[in-house]
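Shown here: run-v7.txt, compact mmCIF, C-alpha atoms.
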# COMPACT_ATOMS: atom_id res chain seq x y z
CA MET A 1048 36.79 144.40 163.32
CA THR A 1049 37.71 140.72 163.17
CA PHE A 1050 35.69 138.33 161.07
CA GLU A 1051 34.89 135.01 162.68
CA GLN A 1052 35.68 132.46 160.02
CA LEU A 1053 35.45 129.31 162.14
CA ARG A 1054 33.24 128.85 165.19
CA LEU A 1055 32.84 125.95 167.61
CA ASP A 1056 29.70 126.11 169.75
CA GLY A 1057 29.65 123.69 172.67
CA VAL A 1058 31.53 121.02 170.71
CA ALA A 1059 31.55 117.74 172.61
CA ARG A 1060 32.72 114.22 171.90
CA SER A 1061 32.09 111.21 174.13
CA PHE A 1062 33.36 107.66 173.92
CA GLY A 1063 30.84 105.55 175.81
CA THR A 1064 30.45 107.19 179.22
CA ALA A 1065 33.77 109.05 178.98
CA ASN A 1066 33.89 112.66 177.76
CA ALA A 1067 36.94 113.25 175.58
CA LEU A 1068 35.81 116.80 174.87
CA SER A 1069 33.30 118.81 176.88
CA GLY A 1070 31.54 121.87 175.50
CA LEU A 1071 34.35 123.62 173.60
CA ASP A 1072 33.37 127.18 172.63
CA LEU A 1073 35.84 128.92 170.33
CA ALA A 1074 35.62 131.61 167.65
CA ILE A 1075 38.58 131.86 165.28
CA ALA A 1076 39.15 134.93 163.13
CA ARG A 1077 40.23 134.75 159.50
CA GLY A 1078 44.00 134.40 159.30
CA GLU A 1079 44.38 133.62 163.01
CA PHE A 1080 46.80 130.97 164.30
CA VAL A 1081 45.29 129.10 167.26
CA ALA A 1082 47.15 126.39 169.19
CA LEU A 1083 45.33 123.69 171.17
CA LEU A 1084 47.72 122.94 174.02
CA GLY A 1085 47.85 120.28 176.69
CA PRO A 1086 49.30 116.91 177.70
CA SER A 1087 48.41 113.58 176.09
CA GLY A 1088 44.77 112.67 176.63
CA CYS A 1089 43.56 116.23 177.27
CA GLY A 1090 41.25 116.30 174.22
CA LYS A 1091 43.23 118.46 171.80
CA SER A 1092 43.53 115.83 169.04
CA THR A 1093 39.87 114.90 169.56
CA ALA A 1094 38.96 118.55 168.95
CA LEU A 1095 41.05 118.63 165.77
CA ASN A 1096 39.54 115.38 164.48
CA CYS A 1097 36.05 116.75 165.14
CA LEU A 1098 36.97 119.86 163.15
CA ALA A 1099 38.34 117.73 160.31
CA GLY A 1100 35.23 115.56 160.23
CA LEU A 1101 37.13 112.42 161.19
CA LEU A 1102 35.05 112.10 164.40
CA PRO A 1103 31.32 112.85 164.68
CA LEU A 1104 30.15 115.20 167.40
CA THR A 1105 28.04 114.04 170.32
CA GLY A 1106 27.10 117.63 171.12
CA GLY A 1107 27.42 121.17 169.81
CA SER A 1108 28.04 122.48 166.30
CA ILE A 1109 30.81 123.74 163.98
CA TRP A 1110 30.34 126.71 161.67
CA LEU A 1111 32.45 127.96 158.76
CA ASP A 1112 31.54 131.40 157.39
CA ASP A 1113 28.03 131.05 158.91
CA VAL A 1114 27.50 127.65 157.29
CA ARG A 1115 27.10 124.70 159.65
CA ILE A 1116 29.57 122.01 158.62
CA ASP A 1117 29.63 119.39 161.40
CA GLY A 1118 27.30 117.18 159.33
CA GLN A 1119 29.55 117.35 156.26
CA PRO A 1120 32.11 114.62 155.42
CA PRO A 1121 35.80 115.60 155.57
CA GLU A 1122 36.21 116.02 151.81
CA GLN A 1123 33.39 118.56 151.62
CA ARG A 1124 34.88 120.77 154.33
CA GLY A 1125 37.92 121.45 152.17
CA PHE A 1126 40.36 121.79 155.06
CA GLY A 1127 44.09 121.18 154.67
CA MET A 1128 45.51 118.64 157.09
CA VAL A 1129 49.11 118.08 158.22
CA PHE A 1130 49.69 114.87 160.15
CA GLN A 1131 52.29 113.90 162.71
CA ASN A 1132 53.63 111.03 160.55
CA TYR A 1133 53.68 113.05 157.25
CA ALA A 1134 51.37 110.49 155.50
CA LEU A 1135 53.18 110.82 152.15
CA PHE A 1136 52.79 108.35 149.30
CA PRO A 1137 56.18 106.56 149.13
CA HIS A 1138 55.82 105.64 145.44
CA MET A 1139 55.12 109.22 144.34
CA SER A 1140 57.58 112.03 143.75
CA VAL A 1141 57.51 115.21 145.80
CA ARG A 1142 55.69 116.97 142.97
CA ALA A 1143 53.12 114.19 142.65
CA ASN A 1144 52.53 114.11 146.42
CA ILE A 1145 51.91 117.85 146.54
CA GLY A 1146 49.64 117.78 143.51
CA PHE A 1147 47.63 114.72 144.55
CA GLY A 1148 44.76 116.68 146.10
CA LEU A 1149 44.52 118.94 143.06
CA LYS A 1150 44.34 115.88 140.83
CA MET A 1151 41.51 114.41 142.94
CA ARG A 1152 39.65 117.71 142.61
CA LYS A 1153 40.15 117.63 138.83
CA VAL A 1154 41.93 120.99 138.74
CA ALA A 1155 43.08 121.89 135.20
CA ARG A 1156 46.58 120.62 134.50
CA ALA A 1157 48.13 124.03 133.79
CA ASP A 1158 46.60 125.57 136.93
CA ALA A 1159 47.64 122.58 139.02
CA ARG A 1160 51.24 122.80 137.79
CA ARG A 1161 51.34 126.52 138.58
CA ARG A 1162 50.02 125.96 142.10
CA VAL A 1163 52.41 123.07 142.76
CA ASP A 1164 55.35 125.16 141.52
CA GLU A 1165 54.33 127.96 143.86
CA ALA A 1166 53.97 125.53 146.81
CA LEU A 1167 57.41 124.07 146.09
CA ARG A 1168 58.88 127.56 146.09
CA LEU A 1169 57.15 128.45 149.34
CA VAL A 1170 58.57 125.43 151.19
CA GLN A 1171 61.93 125.77 149.43
CA LEU A 1172 61.86 122.33 147.79
CA THR A 1173 61.96 123.28 144.09
CA ASP A 1174 65.26 121.44 143.60
CA HIS A 1175 63.80 118.28 145.18
CA ALA A 1176 60.58 118.06 143.15
CA ALA A 1177 61.56 114.83 141.38
CA LYS A 1178 62.75 112.99 144.51
CA PHE A 1179 60.77 110.40 146.45
CA PRO A 1180 59.97 110.69 150.19
CA ALA A 1181 62.60 108.10 151.15
CA GLN A 1182 65.28 110.36 149.63
CA LEU A 1183 64.32 113.29 151.89
CA SER A 1184 65.13 114.19 155.48
CA GLY A 1185 62.39 114.30 158.09
CA GLY A 1186 62.19 118.07 157.88
CA GLN A 1187 61.92 117.97 154.09
CA GLN A 1188 59.18 115.35 154.26
CA GLN A 1189 57.22 117.52 156.68
CA ARG A 1190 57.60 120.46 154.31
CA VAL A 1191 56.13 118.30 151.54
CA ALA A 1192 53.18 117.51 153.82
CA ILE A 1193 52.67 121.21 154.54
CA ALA A 1194 52.91 122.09 150.84
CA ARG A 1195 50.33 119.40 150.02
CA ALA A 1196 47.95 121.03 152.53
CA VAL A 1197 48.40 124.66 151.44
CA VAL A 1198 48.39 123.99 147.67
CA LEU A 1199 44.65 123.32 147.97
CA GLU A 1200 44.19 126.94 149.11
CA PRO A 1201 41.99 125.71 151.97
CA PRO A 1202 39.90 127.97 154.21
CA VAL A 1203 41.53 126.36 157.27
CA VAL A 1204 44.70 124.34 157.85
CA LEU A 1205 44.69 121.75 160.65
CA MET A 1206 48.04 120.59 162.04
CA ASP A 1207 48.28 117.62 164.41
CA GLU A 1208 51.62 117.71 166.28
CA PRO A 1209 53.50 118.06 162.98
CA LEU A 1210 56.94 118.49 164.57
CA SER A 1211 56.91 115.79 167.24
CA ASN A 1212 58.84 113.26 165.12
CA LEU A 1213 61.73 115.65 164.38
CA ASP A 1214 64.93 116.14 166.34
CA ALA A 1215 65.46 119.34 168.35
CA LYS A 1216 67.35 121.24 165.63
CA LEU A 1217 64.83 120.35 162.91
CA ARG A 1218 61.91 121.22 165.21
CA LEU A 1219 63.31 124.71 165.66
CA GLU A 1220 63.88 125.15 161.92
CA MET A 1221 60.42 123.86 160.99
CA ARG A 1222 58.80 126.03 163.67
CA MET A 1223 60.26 129.08 161.98
CA GLU A 1224 59.22 127.70 158.59
CA ILE A 1225 55.60 127.24 159.69
CA ARG A 1226 55.51 130.76 161.12
CA ARG A 1227 56.97 132.16 157.89
CA LEU A 1228 54.40 130.34 155.76
CA HIS A 1229 51.56 131.50 157.98
CA GLN A 1230 52.70 135.11 157.74
CA THR A 1231 53.14 134.80 153.97
CA LEU A 1232 49.83 133.09 153.20
CA GLY A 1233 47.66 134.36 156.07
CA LEU A 1234 45.92 131.00 156.38
CA THR A 1235 43.60 130.31 159.30
CA THR A 1236 45.44 127.62 161.27
CA VAL A 1237 44.49 125.31 164.13
CA TYR A 1238 47.59 123.65 165.56
CA VAL A 1239 47.72 120.83 168.11
CA THR A 1240 50.77 120.47 170.35
CA HIS A 1241 51.88 119.42 173.83
CA ASP A 1242 54.99 121.63 173.58
CA GLN A 1243 54.55 124.95 175.43
CA GLU A 1244 57.51 126.63 173.74
CA GLU A 1245 56.20 125.62 170.32
CA ALA A 1246 52.75 127.00 171.08
CA LEU A 1247 54.08 130.25 172.57
CA SER A 1248 56.31 130.94 169.56
CA LEU A 1249 53.75 130.13 166.85
CA ALA A 1250 50.25 130.99 167.99
CA ASP A 1251 48.23 134.18 168.13
CA ARG A 1252 46.06 132.55 170.80
CA LEU A 1253 46.36 129.45 172.99
CA VAL A 1254 43.61 127.12 174.17
CA VAL A 1255 44.81 125.14 177.19
CA LEU A 1256 42.87 121.90 177.72
CA ARG A 1257 42.64 119.46 180.61
CA ASP A 1258 40.57 116.27 180.54
CA GLY A 1259 38.56 117.59 177.62
CA THR A 1260 37.72 120.89 179.31
CA VAL A 1261 39.05 124.35 178.45
CA GLN A 1262 41.15 125.82 181.26
CA GLN A 1263 42.19 129.09 179.62
CA ILE A 1264 42.02 130.87 176.27
CA GLY A 1265 44.32 133.82 175.71
CA THR A 1266 47.31 135.29 173.92
CA PRO A 1267 50.71 133.67 174.58
CA GLU A 1268 51.58 136.62 176.82
CA GLU A 1269 48.40 136.23 178.87
CA VAL A 1270 48.68 132.48 179.36
CA TYR A 1271 52.40 132.68 180.13
CA ALA A 1272 52.29 135.54 182.62
CA GLN A 1273 48.73 135.33 183.93
CA PRO A 1274 47.66 131.67 184.21
CA VAL A 1275 44.17 131.38 185.65
CA ASN A 1276 44.81 128.38 187.89
CA SER A 1277 47.60 126.18 189.22
CA TYR A 1278 47.09 123.58 186.46
CA VAL A 1279 47.76 126.11 183.71
CA ALA A 1280 50.62 127.58 185.76
CA SER A 1281 52.23 124.17 186.16
CA PHE A 1282 51.85 123.35 182.47
CA MET A 1283 53.29 126.73 181.46
CA GLY A 1284 56.49 126.31 183.43
CA TYR A 1285 55.67 127.31 187.01
CA ARG A 1286 57.49 124.26 188.28
CA ASN A 1287 57.42 125.26 191.95
CA LEU A 1288 53.97 124.50 193.36
CA LEU A 1289 53.84 124.85 197.15
CA ASP A 1290 50.86 124.01 199.36
CA VAL A 1291 50.33 126.98 201.68
CA THR A 1292 47.71 128.85 203.69
CA VAL A 1293 46.64 132.44 203.04
CA THR A 1294 47.08 134.27 206.36
CA GLY A 1295 46.39 137.84 205.30
CA ALA A 1296 45.73 140.23 202.43
CA THR A 1297 46.38 143.94 201.95
CA GLY A 1298 45.07 145.40 198.72
CA SER A 1299 46.29 143.06 195.99
CA SER A 1300 49.11 141.67 198.15
CA VAL A 1301 48.69 138.26 199.81
CA THR A 1302 50.68 136.73 202.66
CA VAL A 1303 50.96 132.95 202.72
CA GLU A 1304 52.64 130.45 205.01
CA GLY A 1305 53.48 126.81 204.53
CA ALA A 1306 56.17 124.36 203.45
CA GLY A 1307 58.40 126.01 206.04
CA ALA A 1308 58.20 129.37 204.26
CA ARG A 1309 56.45 132.73 204.56
CA LEU A 1310 55.88 134.51 201.26
CA THR A 1311 54.18 137.56 199.84
CA GLY A 1312 52.47 137.27 196.48
CA HIS A 1313 49.30 138.15 194.60
CA GLY A 1314 46.18 136.33 193.50
CA LEU A 1315 43.75 134.54 195.80
CA LEU A 1316 42.71 136.92 198.60
CA THR A 1317 40.53 134.59 200.68
CA GLU A 1318 42.13 133.22 203.84
CA GLY A 1319 42.53 129.44 203.90
CA PRO A 1320 44.28 126.69 201.90
CA ALA A 1321 46.03 127.80 198.73
CA GLN A 1322 48.79 126.92 196.31
CA VAL A 1323 51.74 129.09 195.33
CA ALA A 1324 53.28 128.92 191.83
CA ILE A 1325 56.77 130.26 191.05
CA ARG A 1326 58.89 129.87 187.91
CA PRO A 1327 62.44 128.54 188.41
CA GLU A 1328 63.86 131.48 186.44
CA ASP A 1329 62.14 134.00 188.74
CA PHE A 1330 64.26 133.07 191.75
CA VAL A 1331 67.34 135.19 192.48
CA VAL A 1332 70.32 133.79 194.37
CA GLY A 1333 71.89 135.92 197.09
CA ASP A 1334 71.20 137.92 200.25
CA GLY A 1335 68.95 140.95 200.28
CA THR A 1336 66.31 139.36 198.06
CA GLU A 1337 62.57 139.60 198.64
CA ASN A 1338 60.75 136.48 199.88
CA ALA A 1339 64.06 134.95 201.01
CA LEU A 1340 64.34 131.17 201.40
CA ASP A 1341 67.30 129.12 202.64
CA VAL A 1342 67.76 125.95 200.61
CA THR A 1343 70.18 123.03 200.37
CA VAL A 1344 71.38 122.23 196.86
CA GLU A 1345 70.87 118.61 195.76
CA ILE A 1346 71.28 118.39 191.98
CA VAL A 1347 72.96 120.81 189.58
CA GLU A 1348 72.50 120.54 185.80
CA TYR A 1349 74.65 122.49 183.36
CA HIS A 1350 72.71 124.39 180.66
CA GLY A 1351 75.40 126.51 179.07
CA ARG A 1352 75.14 130.03 180.46
CA GLU A 1353 73.15 128.97 183.50
CA LEU A 1354 72.61 126.09 185.90
CA SER A 1355 69.32 124.32 186.61
CA VAL A 1356 69.25 123.54 190.33
CA SER A 1357 67.11 121.18 192.38
CA ALA A 1358 67.21 122.03 196.09
CA ARG A 1359 65.19 121.54 199.27
CA LEU A 1360 63.84 123.76 201.97
CA ALA A 1361 64.51 122.83 205.60
CA SER A 1362 61.00 121.33 205.65
CA GLY A 1363 62.06 118.89 202.91
CA VAL A 1364 59.91 120.48 200.20
CA PRO A 1365 61.72 120.56 196.82
CA VAL A 1366 62.45 123.88 195.10
CA TYR A 1367 63.74 124.41 191.55
CA PHE A 1368 65.60 127.48 190.33
CA ARG A 1369 68.02 128.67 187.66
CA THR A 1370 71.16 130.71 188.21
CA ASP A 1371 74.42 131.73 186.60
CA LYS A 1372 76.22 131.42 189.96
CA ARG A 1373 78.40 128.39 190.55
CA LEU A 1374 76.78 125.95 192.98
CA ALA A 1375 77.45 122.35 193.95
CA PRO A 1376 75.43 119.60 195.68
CA GLY A 1377 75.45 120.13 199.44
CA ASP A 1378 75.75 123.94 199.25
CA ILE A 1379 73.40 125.94 201.43
CA THR A 1380 72.31 129.13 199.74
CA ARG A 1381 69.65 131.83 199.96
CA ILE A 1382 67.22 132.45 197.15
CA GLY A 1383 64.41 134.96 196.81
CA VAL A 1384 61.67 135.97 194.43
CA PRO A 1385 59.87 139.30 193.83
CA ALA A 1386 56.32 139.33 195.22
CA GLU A 1387 54.86 140.10 191.77
CA ARG A 1388 56.31 136.79 190.56
CA VAL A 1389 54.56 134.76 193.27
CA LEU A 1390 51.12 133.62 192.10
CA VAL A 1391 48.57 132.39 194.67
CA PHE A 1392 45.73 130.11 193.51
CA GLU A 1393 42.98 128.02 194.98
CA PRO A 1394 44.37 124.62 195.98
Serialized structure, structure tokens:
Amino acid sequence: MTFEQLRLDGVARSFGTANALSGLDLAIARGEFVALLGPSGCGKSTALNCLAGLLPLTGGSIWLDDVRIDGQPPEQRGFGMVFQNYALFPHMSVRANIGFGLKMRKVARADARRRVDEALRLVQLTDHAAKFPAQLSGGQQQRVAIARAVVLEPPVVLMDEPLSNLDAKLRLEMRMEIRRLHQTLGLTTVYVTHDQEEALSLADRLVVLRDGTVQQIGTPEEVYAQPVNSYVASFMGYRNLLDVTVTGATGSSVTVEGAGARLTGHGLLTEGPAQVAIRPEDFVVGDGTENALDVTVEIVEYHGRELSVSARLASGVPVYFRTDKRLAPGDITRIGVPAERVLVFEP
């Protein structure tokens, strides 16, 4: 049995006549890691700021352990917060930055020192305790920000795109660090990101948002492999979106035509306009493949062990695929995709 520690009931936030967040319903279990995922302007940061108490609600309620908290100021909620820009005090040492919240809460000096020492050990910064933020790398500064949040032993940690200011190598390292800390401490975490790979690797559940409205809530495996509509599919890497028409259905198999192609897939069974979604990595190059398409290669990008290829069907519709076969612009080749990898949605 899972215990719902944090619950959002119909949470909404409007700015004038515009809805930044519309009726978000979400129950989060103790120790769960939930990622709010979507592009800029989708409402994910608004949701986090409502949780933190930095924005008042215009509808709905927020509950923590069966206590309604949406009327409480941020400091009474006791949440830990990790910001995108670190928000460290430049004139304070690492130790002082981490212990600042404990000092404001008037925690006994001996207890505060013990907790700061433990936080330093957790984020592997014990040897840097006396340094100032300017003497640290971006990754180290973010670790200080995370330590400052967890040292308070909060019921919930809120993270607002904490890795977006780091370079690719540091993002990967810090992603693993955040996952390690979550597994070690078991803290309930709400994490905002626009990066699908980041969300898939970190979260127990994803909440995909669009224009302030929830599109899908599910495990990483569910959202990745079973998107509920073409928007979620597109955001989760189904780069090939083709406008087609459903011409027939047998059992769970659907036949579609359009864009100069005839394909078999699964999903929408009603005849009429539809949209097909296919991942680039699901295409196979060569004869004898299911759902065969002849394409003309236009752009080839080298990605180490494989190539990322932009091509076009005879109808002029662009198609994207990945392959380890050597191709060059101007080549005409045949690609195919298994029917179970072809998703058919409402247009």
Original post:
If you measure from CA of Val1332 (chain A) to CA of Ser1355 (chain A), what distance in Å do you get, rounded to one decimal?
Top reply: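 We find that CA of Val1332 (chain A) and CA of Ser1355 (chain A) lie 12.3 Å from each other.
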**OP:** List the neighbours of Val1303 (chain A) out to 7 Å using all atoms listed in the file; skip same-chain residues closer than 2 positions along the sequence, and give me the result as a PyMOL selection string.
**Re:** chain A and resi 1291-1294+1301+1305+1309-1311
Original post:
Within 10 Å of region 1269-1271 of chain A, counting only C-alpha atoms, which residues qualify if same-chain residues fewer than 6 places away don't, as a ChimeraX atom specification?
Top reply: /A:1243,1247,1252-1255,1263,1279-1280,1282-1285
Return the padded bounding box of region 1178-1197 of chain A as AutoDock Vina command-line options: axis-aligned, built from all atoms listed in the file, 3 Å added on each side, with centre and edge lengths in Å to one decimal.
--center_x 56.6 --center_y 116.4 --center_z 151.3 --size_x 23.3 --size_y 22.6 --size_z 19.6
Set the distance at 8 Å and use only C-alpha atoms: which residues neighbour Leu1068 (chain A) once local chain neighbours fewer than 4 positions away are removed? I'd like the list as a PDB file with C-alpha atoms, in the frame of the given file.
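Dumped to result_19.pdb:
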ATOM      1  CA  VAL A1058      31.530 121.020 170.710  1.00  0.00           C
ATOM      2  CA  ALA A1059      31.550 117.740 172.610  1.00  0.00           C
ATOM      3  CA  ARG A1060      32.720 114.220 171.900  1.00  0.00           C
ATOM      4  CA  SER A1061      32.090 111.210 174.130  1.00  0.00           C
ATOM      5  CA  GLY A1090      41.250 116.300 174.220  1.00  0.00           C
ATOM      6  CA  THR A1093      39.870 114.900 169.560  1.00  0.00           C
ATOM      7  CA  ALA A1094      38.960 118.550 168.950  1.00  0.00           C
ATOM      8  CA  ASP A1258      40.570 116.270 180.540  1.00  0.00           C
ATOM      9  CA  GLY A1259      38.560 117.590 177.620  1.00  0.00           C
ATOM     10  CA  THR A1260      37.720 120.890 179.310  1.00  0.00           C
TER      11      THR A1260
END
Original post:
Leaving out region 1097-1103 of chain A and any residue of its chain fewer than 5 positions from it, which residues lie within 9 Å of it when counting all atoms listed in the file, given as a PyMOL selection string?
Top reply: chain A and resi 1055+1058-1060+1092+1109+1116-1122+1124-1128+1205
Could those selected residues go to a file with C-alpha atoms, as a compact mmCIF listing (two decimals), in the coordinates of the input?
# COMPACT_ATOMS: atom_id res chain seq x y z
CA LEU A 1055 32.84 125.95 167.61
CA VAL A 1058 31.53 121.02 170.71
CA ALA A 1059 31.55 117.74 172.61
CA ARG A 1060 32.72 114.22 171.90
CA SER A 1092 43.53 115.83 169.04
CA ILE A 1109 30.81 123.74 163.98
CA ILE A 1116 29.57 122.01 158.62
CA ASP A 1117 29.63 119.39 161.40
CA GLY A 1118 27.30 117.18 159.33
CA GLN A 1119 29.55 117.35 156.26
CA PRO A 1120 32.11 114.62 155.42
CA PRO A 1121 35.80 115.60 155.57
CA GLU A 1122 36.21 116.02 151.81
CA ARG A 1124 34.88 120.77 154.33
CA GLY A 1125 37.92 121.45 152.17
CA PHE A 1126 40.36 121.79 155.06
CA GLY A 1127 44.09 121.18 154.67
CA MET A 1128 45.51 118.64 157.09
CA LEU A 1205 44.69 121.75 160.65
**OP:** Extract, using all atoms listed in the file, all DNA, RNA and protein residues at most 7 Å from Val1347 (chain A), discarding same-chain residues fewer than 6 positions from it, and format them as a ChimeraX atom specification.
**Re:** /A:1354-1357,1375-1376
Cut-off 10 Å: closest region 1094-1149 of chain A/region 1180-1190 of chain A atom pairs per residue, using all atoms listed in the file, as a tab-separated table:
residue	atom	partner	partner_atom	distance
A:Val1129	CA	A:Gln1189	CA	8.3
A:Phe1130	CA	A:Gln1189	CA	8.7
A:Gln1131	CA	A:Gln1189	CA	8.6
A:Asn1132	CA	A:Gln1189	CA	8.4
A:Tyr1133	CA	A:Gln1189	CA	5.7
A:Ala1134	CA	A:Gln1189	CA	9.2
A:Leu1135	CA	A:Pro1180	CA	7.1
A:Phe1136	CA	A:Pro1180	CA	7.6
A:Pro1137	CA	A:Pro1180	CA	5.7
A:His1138	CA	A:Pro1180	CA	8.1
A:Met1139	CA	A:Pro1180	CA	7.7
A:Ser1140	CA	A:Pro1180	CA	7.0
A:Val1141	CA	A:Pro1180	CA	6.8
A:Asn1144	CA	A:Pro1180	CA	9.0
A:Ile1145	CA	A:Arg1190	CA	10.0
